[in-house]
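Structure, as structure tokens:
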Amino acid sequence: MLFLFQSTHDVILAEKAVRTRSIPCRVIPVPRSISSQCGMALEITGEYAEEAKRLLATTVLPSESGQEKRFSTYTPKDE
Amino acid sequence: MTTSYFLQGQRGYFDCGATSFPKPAQVAGEISRYLNQIGGPYGRSFYSRALEVSGIVEETRSLLADLLGVSGSEKIIFCHNATHAVNIVLKGLDLPGKDVWISPLEHNAVSRPLRRLKREKKVSVRILPAAPDGRIQVERLNGLFSEKTALIVVNHQSNVNGVVQPIREIKATAGNIPILVDAAQSLGHLPVKAAGWGLDFVAFTGHKGLLGPTGTGGLYLARGLSPLIEGGTGSRSESSAMPDFLPDKFEAGTPNIAGIFGLRAALLHRPAPAHTREDFVDLLDGCKKLDGLKVHAAYSEGHQGELFSITSSRFDPSTLGMRLYEDFGIETRLGLHCAPLAHHHIGTFPQGTVRISPSIYHVKEDFEMLLHYLSKLSNSG
């Protein structure tokens, strides 16, 4: 699963948080077919993806009320 | 010229209100490590060199957020200095035709942009009621503000006489009216609880009390503003509009990465003060007892930050400053300190003062030596 972020600030915070919890991840360039966003995405595979999603949404990058969501996810077709 | 104890090292530097010196050794080490070994951009790329740099920039932002008691480090914007941060606020708010209240001890970083806004945007600038030392009288604020009041600006610690303002009480009285705190002289020396005190904007620099390099600083913001400058951010690149999220909205262009490496080192390796508060107060009190010397400071020791000014009945400030330097190797800042408003208020305009602003590294004996030299000058013709 790819995690897309609006800013470098959020990518770095997210990467640090998932690594701290020993969730394997990789920073990759965002495939141009998806979106440009900040140009970087976090790739997290398999069973770890849902855990990372919960972690980011609840504690690391929660959206304040009325605010745009701070990250989105994308699942490539072959996953 | 006398070869003094001070000239043998860095002990004669009493100009930390201008910029702190010395710095922790790790500051220069980290700047060098970035420039000579790491390199690479902040954001914009996925390779490990860029990620390492981006990680250090974001760690520095988080350290600053912690220092200010702020959750959500994206609310900390990197700036060139406190002046830059102040300008972002003054020019980013909707101020035309409105009232802005300021303390009587404001720096030109505030008064100059406001002068332009007054001329071009019909902004009305008003001075908050204060004691003769410049400390705002909170009890006189009730009923002062109107629906035209758009902003209150307060210099947390004066760069002229060291008076510390009751920021928390001012904000409590102001209620929903936004407050901009200029923490250029205070951050690093005094607690600044941006979120805890309900502050809206805090402008700060990295090179004074935080002991970092010049060219670093920041702005904490809890309210919306228009950006001062626009440009590339590495995000939403397909759009010609600036991103509307933090911190990118206010960080167009490549930041001062080398400086931020140095600032992080300063935050992580801050030394404990080499002197006590009592040592500083002894210096202040010692100066007050010298014949022919007048100390410009807070009326109450409890409202005193760690700098003050002096004037002499025997010498004008320029001569006093030159004698201190040439005879004893003591480096001070003379004149108006970019704060003519403050000097008007405390009665030292236009000649100004000599400012004594110690280093965190000064020891008690340095203060005693400074007092000894001031005593020699006050007894000479």
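By order in the structure tokens, chains are A, B, ...; within a chain, residues start at 1; ligands start at 1, following the order shown.
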*asked:* Taking only C-alpha atoms into account and nothing else, which residues of chain B lie no more than 9 Å away from chain A? Please answer as an NGL selection string.
replied: :B and (42-48 or 51 or 54-55 or 57-59 or 72-74 or 233-238 or 243 or 245-248)
_If DSSP is run on the backbone, what residues of region 66-107 of chain B are strand (DSSP E or B)? A reply as a PyMOL selection string would be ideal._
chain B and resi 76-79+99-102
_Non-local contacts of Gln165 (chain B) (7 Å; only C-alpha atoms; under 5 positions in same chain excluded) as a count of residues only_ = 4
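The closest residue to Leu377 (chain B), picked from B:Gly292, B:Gly224, B:Gly262, B:Pro350 and counting only C-alpha atoms, is B:Gly292.
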Can you list every residue of region 276-340 of chain B that has an atom at most 10 Å from region 178-202 of chain B, with its nearest atom pair and the distance in Å to one decimal, using only C-alpha atoms, ordered by chain then number, as a Markdown table?
```
| residue | atom | partner | partner_atom | distance |
| --- | --- | --- | --- | --- |
| B:Gly305 | CA | B:Ser186 | CA | 7.7 |
| B:Glu306 | CA | B:His189 | CA | 7.8 |
| B:Leu307 | CA | B:Gln185 | CA | 9.3 |
```
*asked:* as a count of residues only, please: every residue in region 97-338 of chain B that a backbone DSSP assignment puts in helix (DSSP H, G or I).
replied: 67
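Coordinates place CA of Ser124 (chain B) at a distance of 24.0 Å from CA of Leu219 (chain B).
Our summary of the geometry notes that CA of Ser20 (chain B) is positioned 6.2 Å from CA of His207 (chain B).
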*asked:* Give me the residues near Gly40 (chain B) as JSON, numbers by chain, where near means some atom within 8 Å (using only C-alpha atoms) and where sequence neighbours in that chain fewer than 6 positions away do not count.
replied: {"B": [49, 50, 53]}
Keeping all heavy atoms, export the residues of the selection given above as a CSV table (one decimal), in the first residue's frame.
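What ended up in out_37.csv:
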```csv
chain,number,residue,atom,x,y,z
B,49,ARG,N,20.1,10.5,1.1
B,49,ARG,CA,20.8,11.7,1.5
B,49,ARG,C,19.7,12.8,1.8
B,49,ARG,O,19.8,13.5,2.8
B,49,ARG,CB,21.7,12.2,0.4
B,49,ARG,CG,22.5,13.4,0.7
B,49,ARG,CD,23.3,13.8,-0.6
B,49,ARG,NE,24.2,12.7,-1.1
B,49,ARG,CZ,25.4,12.4,-0.6
B,49,ARG,NH1,25.9,13.1,0.4
B,49,ARG,NH2,26.1,11.4,-1.1
B,50,ALA,N,18.7,12.9,0.9
B,50,ALA,CA,17.7,13.9,1.1
B,50,ALA,C,16.8,13.6,2.3
B,50,ALA,O,16.4,14.5,3.0
B,50,ALA,CB,16.8,14.0,-0.2
B,53,VAL,N,18.6,14.6,5.5
B,53,VAL,CA,18.5,16.1,5.7
B,53,VAL,C,17.1,16.5,6.1
B,53,VAL,O,16.9,17.2,7.1
B,53,VAL,CB,18.9,16.8,4.3
B,53,VAL,CG1,18.6,18.3,4.4
B,53,VAL,CG2,20.4,16.6,4.0
```
*Quick one: residues within 9 Å of Leu374 (chain B), only C-alpha atoms counted, chain neighbours fewer than 2 positions away excluded, as a count of residues only?*
12
_Residue neighbourhood Asp285 (chain B), 12 Å, only C-alpha atoms, exclusion window fewer than 5 positions, as JSON, numbers by chain_ = {"B": [278, 279, 280, 290, 293, 294, 295, 296, 297, 298, 299, 300, 301, 308, 367, 368, 371]}
